[in-house]
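Participant: final.txt (compact mmCIF, N, CA and C atoms and all ligand atoms) pasted underneath:
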```txt
# COMPACT_ATOMS: atom_id res chain seq x y z
N MET A 1 112.81 111.40 48.82
CA MET A 1 112.12 111.65 50.08
C MET A 1 111.57 110.38 50.69
N ALA A 2 110.93 109.61 49.83
CA ALA A 2 110.32 108.37 50.32
C ALA A 2 111.35 107.49 51.03
N PHE A 3 112.57 107.54 50.52
CA PHE A 3 113.62 106.71 51.13
C PHE A 3 113.95 107.15 52.54
N ARG A 4 113.78 108.46 52.76
CA ARG A 4 114.10 108.96 54.10
C ARG A 4 112.96 108.67 55.06
N ILE A 5 111.77 108.73 54.56
CA ILE A 5 110.61 108.56 55.46
C ILE A 5 110.42 107.09 55.82
N LEU A 6 110.67 106.23 54.85
CA LEU A 6 110.38 104.81 55.05
C LEU A 6 111.02 104.22 56.32
N PRO A 7 112.33 104.44 56.51
CA PRO A 7 112.93 103.84 57.72
C PRO A 7 112.26 104.35 58.99
N VAL A 8 111.90 105.63 59.00
CA VAL A 8 111.26 106.20 60.19
C VAL A 8 109.94 105.48 60.45
N VAL A 9 109.21 105.24 59.38
CA VAL A 9 107.92 104.56 59.52
C VAL A 9 108.14 103.14 60.04
N VAL A 10 109.13 102.47 59.45
CA VAL A 10 109.39 101.08 59.85
C VAL A 10 109.80 101.02 61.32
N ILE A 11 110.71 101.92 61.71
CA ILE A 11 111.15 101.93 63.11
C ILE A 11 109.98 102.27 64.02
N GLY A 12 109.16 103.23 63.57
CA GLY A 12 107.99 103.61 64.35
C GLY A 12 107.09 102.42 64.60
N ILE A 13 106.87 101.64 63.57
CA ILE A 13 106.00 100.46 63.72
C ILE A 13 106.65 99.46 64.68
N LEU A 14 107.96 99.28 64.55
CA LEU A 14 108.64 98.33 65.42
C LEU A 14 108.57 98.78 66.87
N VAL A 15 108.86 100.07 67.09
CA VAL A 15 108.94 100.56 68.47
C VAL A 15 107.55 100.64 69.10
N LEU A 16 106.63 101.24 68.36
CA LEU A 16 105.31 101.48 68.95
C LEU A 16 104.38 100.28 68.77
N GLY A 17 104.51 99.64 67.62
CA GLY A 17 103.54 98.60 67.29
C GLY A 17 103.82 97.26 67.94
N THR A 18 105.08 96.89 68.00
CA THR A 18 105.39 95.53 68.41
C THR A 18 104.94 95.17 69.83
N PRO A 19 105.20 96.02 70.81
CA PRO A 19 104.81 95.59 72.16
C PRO A 19 103.31 95.29 72.25
N GLY A 20 102.51 96.16 71.67
CA GLY A 20 101.07 95.93 71.70
C GLY A 20 100.71 94.64 71.01
N LEU A 21 101.29 94.46 69.83
CA LEU A 21 101.00 93.23 69.08
C LEU A 21 101.45 92.01 69.86
N ALA A 22 102.64 92.13 70.42
CA ALA A 22 103.18 90.98 71.14
C ALA A 22 102.29 90.64 72.33
N ALA A 23 101.80 91.69 73.00
CA ALA A 23 100.96 91.43 74.16
C ALA A 23 99.67 90.75 73.72
N GLN A 24 99.19 91.18 72.55
CA GLN A 24 97.98 90.53 72.05
C GLN A 24 98.25 89.08 71.70
N LYS A 25 99.49 88.86 71.24
CA LYS A 25 99.85 87.50 70.86
C LYS A 25 100.09 86.62 72.08
N GLY A 26 100.44 87.25 73.18
CA GLY A 26 100.69 86.49 74.40
C GLY A 26 99.44 85.69 74.76
N ASP A 27 99.68 84.52 75.32
CA ASP A 27 98.58 83.62 75.65
C ASP A 27 98.30 83.72 77.15
N PRO A 28 97.16 84.32 77.52
CA PRO A 28 96.90 84.54 78.95
C PRO A 28 96.84 83.25 79.76
N GLN A 29 96.42 82.16 79.13
CA GLN A 29 96.34 80.91 79.90
C GLN A 29 97.73 80.37 80.23
N GLN A 30 98.58 80.44 79.21
CA GLN A 30 99.98 80.09 79.42
C GLN A 30 100.58 81.01 80.49
N GLY A 31 100.23 82.29 80.38
CA GLY A 31 100.73 83.28 81.32
C GLY A 31 100.28 82.99 82.74
N GLN A 32 99.08 82.48 82.89
CA GLN A 32 98.57 82.18 84.23
C GLN A 32 99.43 81.12 84.91
N ALA A 33 99.78 80.08 84.14
CA ALA A 33 100.61 79.01 84.71
C ALA A 33 101.95 79.57 85.16
N LEU A 34 102.52 80.46 84.35
CA LEU A 34 103.80 81.06 84.71
C LEU A 34 103.64 81.97 85.92
N TYR A 35 102.53 82.71 85.94
CA TYR A 35 102.26 83.61 87.07
C TYR A 35 102.20 82.82 88.37
N VAL A 36 101.49 81.70 88.33
CA VAL A 36 101.34 80.89 89.53
C VAL A 36 102.71 80.42 90.02
N GLU A 37 103.57 80.11 89.07
CA GLU A 37 104.88 79.59 89.45
C GLU A 37 105.83 80.69 89.94
N TYR A 38 105.80 81.85 89.30
CA TYR A 38 106.86 82.83 89.56
C TYR A 38 106.40 84.11 90.25
N CYS A 39 105.13 84.36 90.33
CA CYS A 39 104.68 85.68 90.81
C CYS A 39 103.73 85.60 91.99
N LEU A 40 102.96 84.54 92.04
CA LEU A 40 101.89 84.41 93.03
C LEU A 40 102.37 84.60 94.46
N GLN A 41 103.54 84.09 94.76
CA GLN A 41 103.99 84.16 96.16
C GLN A 41 104.08 85.60 96.65
N CYS A 42 104.35 86.53 95.77
CA CYS A 42 104.40 87.93 96.21
C CYS A 42 103.16 88.72 95.81
N HIS A 43 102.55 88.36 94.68
CA HIS A 43 101.47 89.20 94.16
C HIS A 43 100.08 88.62 94.39
N GLY A 44 99.99 87.48 95.06
CA GLY A 44 98.68 86.93 95.37
C GLY A 44 98.07 86.17 94.21
N GLY A 45 97.05 85.39 94.49
CA GLY A 45 96.46 84.49 93.50
C GLY A 45 95.87 85.20 92.30
N ARG A 46 95.40 86.43 92.48
CA ARG A 46 94.81 87.14 91.37
C ARG A 46 95.39 88.53 91.21
N GLY A 47 96.65 88.68 91.59
CA GLY A 47 97.32 89.97 91.43
C GLY A 47 96.96 90.98 92.49
N GLU A 48 96.19 90.54 93.50
CA GLU A 48 95.66 91.51 94.47
C GLU A 48 96.72 92.04 95.43
N GLY A 49 97.86 91.39 95.50
CA GLY A 49 98.92 91.87 96.38
C GLY A 49 99.41 90.76 97.29
N TRP A 50 100.13 91.13 98.29
CA TRP A 50 100.79 90.17 99.18
C TRP A 50 99.82 89.09 99.64
N GLY A 51 100.18 87.81 99.39
CA GLY A 51 99.24 86.74 99.64
C GLY A 51 99.52 85.92 100.89
N TRP A 52 100.52 86.30 101.66
CA TRP A 52 100.91 85.45 102.79
C TRP A 52 100.27 85.87 104.10
N GLY A 53 99.47 86.90 104.05
CA GLY A 53 98.84 87.36 105.29
C GLY A 53 99.90 87.65 106.33
N ASN A 54 99.67 87.14 107.52
CA ASN A 54 100.62 87.42 108.60
C ASN A 54 101.68 86.34 108.74
N LYS A 55 101.58 85.29 107.90
CA LYS A 55 102.52 84.18 108.07
C LYS A 55 103.95 84.62 107.76
N ILE A 56 104.08 85.37 106.69
CA ILE A 56 105.39 85.91 106.34
C ILE A 56 105.21 87.41 106.21
N PRO A 57 106.05 88.19 106.88
CA PRO A 57 105.84 89.63 106.80
C PRO A 57 106.03 90.14 105.37
N PRO A 58 105.22 91.06 104.93
CA PRO A 58 105.34 91.58 103.56
C PRO A 58 106.60 92.40 103.40
N PRO A 59 107.04 92.59 102.17
CA PRO A 59 108.22 93.44 101.94
C PRO A 59 107.93 94.86 102.43
N PRO A 60 108.97 95.61 102.71
CA PRO A 60 108.79 96.95 103.31
C PRO A 60 108.22 97.99 102.35
N ILE A 61 107.93 97.60 101.11
CA ILE A 61 107.28 98.56 100.21
C ILE A 61 105.98 97.95 99.74
N PRO A 62 104.99 98.81 99.45
CA PRO A 62 103.69 98.27 99.08
C PRO A 62 103.72 97.51 97.76
N ILE A 63 102.98 96.41 97.70
CA ILE A 63 102.78 95.69 96.44
C ILE A 63 101.36 96.02 96.01
N ARG A 64 101.26 96.71 94.90
CA ARG A 64 99.94 97.22 94.52
C ARG A 64 99.13 96.15 93.80
N ASP A 65 97.84 96.41 93.72
CA ASP A 65 96.88 95.46 93.15
C ASP A 65 96.99 95.45 91.61
N LEU A 66 97.49 94.35 91.07
CA LEU A 66 97.71 94.28 89.61
C LEU A 66 96.42 94.04 88.85
N SER A 67 95.31 93.90 89.55
CA SER A 67 94.03 93.77 88.83
C SER A 67 93.24 95.09 88.89
N ASP A 68 93.87 96.13 89.47
CA ASP A 68 93.20 97.42 89.58
C ASP A 68 93.33 98.18 88.26
N PRO A 69 92.22 98.41 87.55
CA PRO A 69 92.31 99.07 86.25
C PRO A 69 92.97 100.45 86.33
N GLU A 70 92.75 101.16 87.44
CA GLU A 70 93.35 102.49 87.55
C GLU A 70 94.86 102.43 87.54
N LEU A 71 95.41 101.44 88.22
CA LEU A 71 96.86 101.25 88.19
C LEU A 71 97.30 100.73 86.83
N MET A 72 96.66 99.69 86.37
CA MET A 72 97.14 99.01 85.17
C MET A 72 97.03 99.86 83.91
N ASN A 73 96.04 100.75 83.87
CA ASN A 73 95.93 101.63 82.71
C ASN A 73 97.10 102.61 82.61
N GLN A 74 97.78 102.82 83.74
CA GLN A 74 98.94 103.72 83.71
C GLN A 74 100.21 102.99 83.28
N LEU A 75 100.18 101.68 83.26
CA LEU A 75 101.38 100.91 82.97
C LEU A 75 101.31 100.36 81.55
N SER A 76 102.28 100.74 80.71
CA SER A 76 102.27 100.27 79.33
C SER A 76 102.69 98.80 79.26
N ASP A 77 102.35 98.17 78.14
CA ASP A 77 102.79 96.80 77.92
C ASP A 77 104.31 96.70 78.03
N GLN A 78 104.98 97.72 77.47
CA GLN A 78 106.44 97.68 77.49
C GLN A 78 106.97 97.77 78.92
N PHE A 79 106.34 98.62 79.74
CA PHE A 79 106.76 98.72 81.15
C PHE A 79 106.58 97.37 81.84
N LEU A 80 105.44 96.75 81.62
CA LEU A 80 105.18 95.46 82.25
C LEU A 80 106.23 94.44 81.82
N PHE A 81 106.49 94.43 80.51
CA PHE A 81 107.50 93.51 80.00
C PHE A 81 108.84 93.77 80.68
N ASP A 82 109.25 95.04 80.73
CA ASP A 82 110.57 95.38 81.26
C ASP A 82 110.70 95.04 82.74
N ILE A 83 109.65 95.33 83.52
CA ILE A 83 109.77 95.07 84.96
C ILE A 83 109.73 93.57 85.23
N ILE A 84 108.99 92.82 84.41
CA ILE A 84 108.95 91.37 84.60
C ILE A 84 110.28 90.76 84.18
N LYS A 85 110.81 91.25 83.07
CA LYS A 85 112.06 90.68 82.58
C LYS A 85 113.25 91.07 83.46
N GLY A 86 113.37 92.36 83.74
CA GLY A 86 114.57 92.86 84.40
C GLY A 86 114.41 93.12 85.89
N GLY A 87 113.18 93.01 86.37
CA GLY A 87 112.94 93.32 87.78
C GLY A 87 112.80 94.82 88.01
N GLY A 88 112.49 95.19 89.25
CA GLY A 88 112.27 96.58 89.59
C GLY A 88 113.43 97.48 89.19
N GLU A 89 114.64 96.98 89.39
CA GLU A 89 115.83 97.79 89.10
C GLU A 89 115.87 98.27 87.65
N ALA A 90 115.37 97.43 86.74
CA ALA A 90 115.43 97.75 85.31
C ALA A 90 114.58 98.97 84.97
N VAL A 91 113.61 99.29 85.82
CA VAL A 91 112.72 100.41 85.52
C VAL A 91 112.75 101.46 86.65
N GLY A 92 113.83 101.43 87.43
CA GLY A 92 113.97 102.42 88.48
C GLY A 92 113.08 102.18 89.69
N ARG A 93 112.62 100.95 89.86
CA ARG A 93 111.84 100.61 91.05
C ARG A 93 112.70 99.74 91.98
N SER A 94 112.06 99.22 92.99
CA SER A 94 112.78 98.46 94.00
C SER A 94 113.27 97.11 93.48
N ARG A 95 114.46 96.72 93.96
CA ARG A 95 114.97 95.41 93.56
C ARG A 95 114.26 94.28 94.30
N LEU A 96 113.36 94.61 95.21
CA LEU A 96 112.53 93.57 95.83
C LEU A 96 111.60 92.92 94.82
N MET A 97 111.39 93.59 93.69
CA MET A 97 110.68 92.97 92.58
C MET A 97 111.72 92.32 91.69
N PRO A 98 111.82 90.97 91.75
CA PRO A 98 112.90 90.29 91.02
C PRO A 98 112.59 90.14 89.53
N GLY A 99 113.61 90.15 88.71
CA GLY A 99 113.41 89.92 87.28
C GLY A 99 113.25 88.44 86.99
N ALA A 100 112.43 88.12 85.99
CA ALA A 100 112.21 86.72 85.64
C ALA A 100 112.91 86.36 84.33
N GLY A 101 113.67 87.32 83.79
CA GLY A 101 114.30 87.12 82.48
C GLY A 101 115.26 85.94 82.42
N ARG A 102 115.77 85.54 83.56
CA ARG A 102 116.72 84.41 83.55
C ARG A 102 116.00 83.07 83.51
N VAL A 103 114.74 83.06 83.95
CA VAL A 103 114.05 81.77 84.05
C VAL A 103 112.98 81.57 82.99
N ILE A 104 112.47 82.66 82.42
CA ILE A 104 111.47 82.49 81.36
C ILE A 104 111.84 83.33 80.13
N SER A 105 111.38 82.88 78.96
CA SER A 105 111.75 83.52 77.70
C SER A 105 110.93 84.80 77.48
N ASP A 106 111.35 85.60 76.50
CA ASP A 106 110.61 86.82 76.16
C ASP A 106 109.16 86.49 75.80
N ALA A 107 108.98 85.43 75.01
CA ALA A 107 107.61 85.06 74.60
C ALA A 107 106.77 84.71 75.82
N GLU A 108 107.39 84.04 76.78
CA GLU A 108 106.66 83.69 78.00
C GLU A 108 106.34 84.93 78.83
N ILE A 109 107.24 85.91 78.79
CA ILE A 109 106.97 87.16 79.51
C ILE A 109 105.74 87.85 78.89
N TRP A 110 105.63 87.83 77.56
CA TRP A 110 104.43 88.40 76.94
C TRP A 110 103.18 87.61 77.34
N ASP A 111 103.32 86.31 77.54
CA ASP A 111 102.18 85.53 78.03
C ASP A 111 101.75 86.05 79.40
N VAL A 112 102.74 86.32 80.25
CA VAL A 112 102.42 86.83 81.60
C VAL A 112 101.75 88.21 81.49
N VAL A 113 102.28 89.06 80.58
CA VAL A 113 101.66 90.38 80.38
C VAL A 113 100.20 90.20 79.96
N ALA A 114 99.96 89.27 79.03
CA ALA A 114 98.59 89.02 78.58
C ALA A 114 97.71 88.56 79.74
N TYR A 115 98.28 87.74 80.62
CA TYR A 115 97.51 87.28 81.78
C TYR A 115 97.19 88.45 82.71
N LEU A 116 98.19 89.31 82.97
CA LEU A 116 97.93 90.47 83.83
C LEU A 116 96.82 91.33 83.24
N ARG A 117 96.85 91.53 81.91
CA ARG A 117 95.80 92.33 81.27
C ARG A 117 94.43 91.66 81.46
N SER A 118 94.41 90.34 81.44
CA SER A 118 93.13 89.64 81.59
C SER A 118 92.57 89.81 83.01
N LEU A 119 93.46 89.98 84.00
CA LEU A 119 93.00 90.21 85.38
C LEU A 119 92.22 91.51 85.46
N THR A 120 92.74 92.54 84.78
CA THR A 120 92.06 93.84 84.79
C THR A 120 90.71 93.73 84.12
N LYS A 121 90.67 93.04 83.01
CA LYS A 121 89.40 92.91 82.29
C LYS A 121 88.37 92.23 83.16
N LYS A 122 88.82 91.20 83.90
CA LYS A 122 87.86 90.50 84.75
C LYS A 122 87.39 91.39 85.90
N ALA A 123 88.36 92.15 86.47
CA ALA A 123 87.99 93.05 87.58
C ALA A 123 86.96 94.05 87.09
N ARG A 124 87.19 94.58 85.88
CA ARG A 124 86.27 95.56 85.32
C ARG A 124 84.93 94.89 85.00
N GLY A 125 85.04 93.64 84.50
CA GLY A 125 83.84 92.92 84.08
C GLY A 125 82.86 92.69 85.22
N SER A 126 83.39 92.69 86.46
CA SER A 126 82.48 92.46 87.57
C SER A 126 81.59 93.67 87.81
N LYS A 127 82.09 94.85 87.38
CA LYS A 127 81.28 96.05 87.54
C LYS A 127 80.47 96.34 86.28
N GLU A 128 81.20 96.38 85.14
CA GLU A 128 80.48 96.57 83.87
C GLU A 128 80.33 95.20 83.23
N LYS A 129 79.68 95.21 82.10
CA LYS A 129 79.59 93.96 81.36
C LYS A 129 80.84 93.79 80.50
N GLU A 130 81.39 92.59 80.47
CA GLU A 130 82.61 92.38 79.69
C GLU A 130 82.29 92.42 78.21
N ARG A 131 83.20 93.16 77.47
CA ARG A 131 82.95 93.24 76.04
C ARG A 131 83.55 92.08 75.31
C1 LIG A 201 109.86 88.40 95.79
C2 LIG A 201 108.55 88.99 95.59
C3 LIG A 201 108.11 89.27 94.17
C4 LIG A 201 107.99 88.38 93.12
C5 LIG A 201 108.34 86.91 93.10
C6 LIG A 201 107.43 89.13 92.01
N1 LIG A 201 107.23 90.44 92.37
FE1 LIG A 201 106.41 91.88 91.20
N2 LIG A 201 106.77 93.25 92.65
C7 LIG A 201 107.27 92.98 93.92
C8 LIG A 201 107.44 94.23 94.64
C9 LIG A 201 107.97 94.37 96.07
C10 LIG A 201 106.99 95.26 93.77
C11 LIG A 201 106.96 96.76 94.03
C12 LIG A 201 108.21 97.37 93.43
C13 LIG A 201 108.23 98.87 93.54
O1 LIG A 201 107.17 99.50 93.49
O2 LIG A 201 109.34 99.42 93.67
C14 LIG A 201 106.57 94.61 92.53
C15 LIG A 201 106.07 95.29 91.43
C16 LIG A 201 105.54 94.68 90.32
C17 LIG A 201 104.87 95.37 89.24
C18 LIG A 201 104.68 96.88 89.14
C19 LIG A 201 103.40 97.24 89.83
C20 LIG A 201 103.37 98.69 90.24
O3 LIG A 201 103.18 98.95 91.44
O4 LIG A 201 103.56 99.56 89.38
C21 LIG A 201 104.47 94.42 88.35
C22 LIG A 201 103.72 94.65 87.05
C23 LIG A 201 104.91 93.14 88.86
N3 LIG A 201 105.55 93.34 90.06
C24 LIG A 201 104.67 91.94 88.24
C25 LIG A 201 105.25 90.74 88.65
C26 LIG A 201 105.18 89.51 87.89
C27 LIG A 201 104.39 89.34 86.61
C28 LIG A 201 105.91 88.58 88.57
C29 LIG A 201 106.19 87.16 88.16
C30 LIG A 201 106.91 86.99 86.90
C31 LIG A 201 106.41 89.22 89.78
N4 LIG A 201 106.00 90.52 89.78
C32 LIG A 201 107.15 88.58 90.77
C33 LIG A 201 107.61 91.73 94.41
C34 LIG A 201 107.63 90.57 93.66
```
How does this structure look as C-alpha cells?
Facilitator:
Amino acid sequence: MAFRILPVVVIGILVLGTPGLAAQKGDPQQGQALYVEYCLQCHGGRGEGWGWGNKIPPPPIPIRDLSDPELMNQLSDQFLFDIIKGGGEAVGRSRLMPGAGRVISDAEIWDVVAYLRSLTKKARGSKEKER
C-alpha cells in the first residue's frame, strides 16, 4: 500500500507545494528590476495599471490594479507564473498581455511573482500594520 500512496504524495507536493515555495524563493528586489524593464510600460510603476496617461492610448481592455489585494488574492502563484511566462493567451486571456518567457528565465519569473506579491503587502500595509 505504501508504495501506491507514496508517488501520490510526492506528486502532490510537487504540484501543490512547489509554486508556493518557488514564489517564496523568488527575490522581490530582483523582480522589481525585471518589472521595471518588462512590465512597467503597461502596468504602471507600482502595478496600478496603465501608466501612459493620455500620451499613448491604453489597450482596449482594462488593465487591472496588480497591487489590489482583492484582485491578487484571487490569482494563484501558478496563474501569475503562467500569465507572465506565456502571456494572456496561455491562460485564456487577451494576447495584449505578452509573455515574457522568451526573454526571462523561470527563476526570474518567480522573482517577478514575488515582487507582485510584495506590492499587495505594501498596499495592505498602508491600511493595516504590516506583519
Ligand atoms: C504590452 C502591454 C503589457 C505588458 C508589457 C505586460 N502586460 Fe500584463 N497585462 C496586459 C493586459 C492588456 C492585461 C489584461 C489581459 C486580460 O485581462 O485579458 C494584462 C494582464 C496581466 C495580469 C493579470 C491581471 C488580471 O487582470 O487578472 C498580470 C498578473 C500581468 N499582466 C502581469 C504582467 C507582468 C508581471 C508583466 C511583465 C513581465 C506584464 N504583465 C507585462 C498588458 C501588458
Participant: May I ask which of the residues A:Val103, A:Ile56, A:Thr120, A:Pro62 is the closest one to ligand LIG 201 (chain A), counting only C-alpha atoms and all ligand atoms?
Facilitator: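 Selected residue with least distance to ligand LIG 201 (chain A): A:Pro62.
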Participant: Chain A near ligand LIG 201 (chain A) within 8 Å: what's each residue's closest atom pair and its distance in Å to one decimal, counting all atoms listed in the file, ordered by chain then ascending residue number, as CSV?
Facilitator:
```
residue,atom,partner,partner_atom,distance
A:Leu34,C,A:LIG201,C30,6.1
A:Tyr35,CA,A:LIG201,C29,5.4
A:Val36,N,A:LIG201,C29,7.2
A:Glu37,C,A:LIG201,C29,6.7
A:Tyr38,C,A:LIG201,C29,3.7
A:Cys39,CA,A:LIG201,C29,3.4
A:Leu40,N,A:LIG201,C29,5.7
A:Gln41,C,A:LIG201,C5,5.7
A:Cys42,CA,A:LIG201,C2,4.3
A:His43,N,A:LIG201,C6,5.6
A:Pro58,C,A:LIG201,C9,7.7
A:Pro59,CA,A:LIG201,C9,5.9
A:Pro60,N,A:LIG201,C9,6.8
A:Ile61,C,A:LIG201,C9,5.5
A:Pro62,C,A:LIG201,C11,5.0
A:Ile63,CA,A:LIG201,C11,4.9
A:Arg64,N,A:LIG201,O3,4.5
A:Asp65,N,A:LIG201,O3,6.3
A:Leu66,CA,A:LIG201,C19,6.4
A:Leu71,C,A:LIG201,O4,6.9
A:Met72,N,A:LIG201,O4,7.5
A:Gln74,C,A:LIG201,O4,7.8
A:Leu75,CA,A:LIG201,O4,6.9
A:Phe79,C,A:LIG201,C22,6.5
A:Leu80,CA,A:LIG201,C22,5.1
A:Phe81,N,A:LIG201,C22,7.1
A:Ile83,C,A:LIG201,C23,6.0
A:Ile84,CA,A:LIG201,C26,5.3
A:Lys85,N,A:LIG201,C30,6.9
A:Gly87,CA,A:LIG201,FE1,7.5
A:Gly88,CA,A:LIG201,C12,5.6
A:Glu89,N,A:LIG201,O2,7.2
A:Gly92,C,A:LIG201,O2,6.1
A:Arg93,C,A:LIG201,O2,3.8
A:Ser94,N,A:LIG201,O2,2.8
A:Arg95,N,A:LIG201,O2,5.8
A:Leu96,C,A:LIG201,C9,4.1
A:Met97,CA,A:LIG201,C7,3.7
A:Pro98,N,A:LIG201,C34,4.6
A:Gly99,C,A:LIG201,C30,6.5
A:Ala100,CA,A:LIG201,C30,5.5
A:Gly101,N,A:LIG201,C30,7.4
A:Ile109,CA,A:LIG201,C30,7.4
A:Val112,C,A:LIG201,C27,5.9
A:Val113,N,A:LIG201,C27,6.4
A:Leu116,CA,A:LIG201,C27,7.1
```
Participant: Can you measure atom N of A:Asp106 to atom CA of A:Ser118 for me? One decimal in Å is fine.
Facilitator: 19.3 Å
Participant: In Å to one decimal, how far is atom C of A:Arg117 from atom C of A:Pro28?
Facilitator: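 Distance between the two atoms: 8.9 Å.
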Participant: Can you list, as a list in words, all residues belonging to stretch 34-89 of chain A that DSSP tags as alpha helix (DSSP H)?
Facilitator: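 Going through stretch 34-89 of chain A, the alpha helix (DSSP H) residues come out as Leu34, Tyr35, Val36, Glu37, Tyr38, Leu40, Gln41, Cys42, His43, Pro69, Glu70, Leu71, Met72, Asp77, Gln78, Phe79, Leu80, Phe81, Asp82, Ile83, Ile84, Lys85 and Gly86 of chain A.
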Participant: To one decimal in Å, tell me the separation between atom CA of A:Gly26 and atom CA of A:Tyr115.
Facilitator: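 Atom-to-atom, atom CA of A:Gly26 and atom CA of A:Tyr115 are spaced 8.1 Å apart.
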Participant: A:Pro57, A:Gly31, A:Pro69, A:Gly47: which is nearest A:Ala107, counting only C-alpha atoms?
Facilitator: A:Gly31
Participant: Taking into account only C-alpha atoms, which residue in the set A:Glu48, A:Arg4, A:Gly53, A:Asp77 is nearest to A:Ala114?
Facilitator: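 That would be A:Asp77, the residue with the smallest distance to A:Ala114.
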Participant: Kindly indicate which residue among A:Ser105, A:Ser67, A:Gln30, A:Ser76 lies nearest to A:Arg46, using only C-alpha atoms for the distances.
Facilitator: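 Comparing A:Ser105, A:Ser67, A:Gln30, A:Ser76 against A:Arg46, the winner is A:Ser67.
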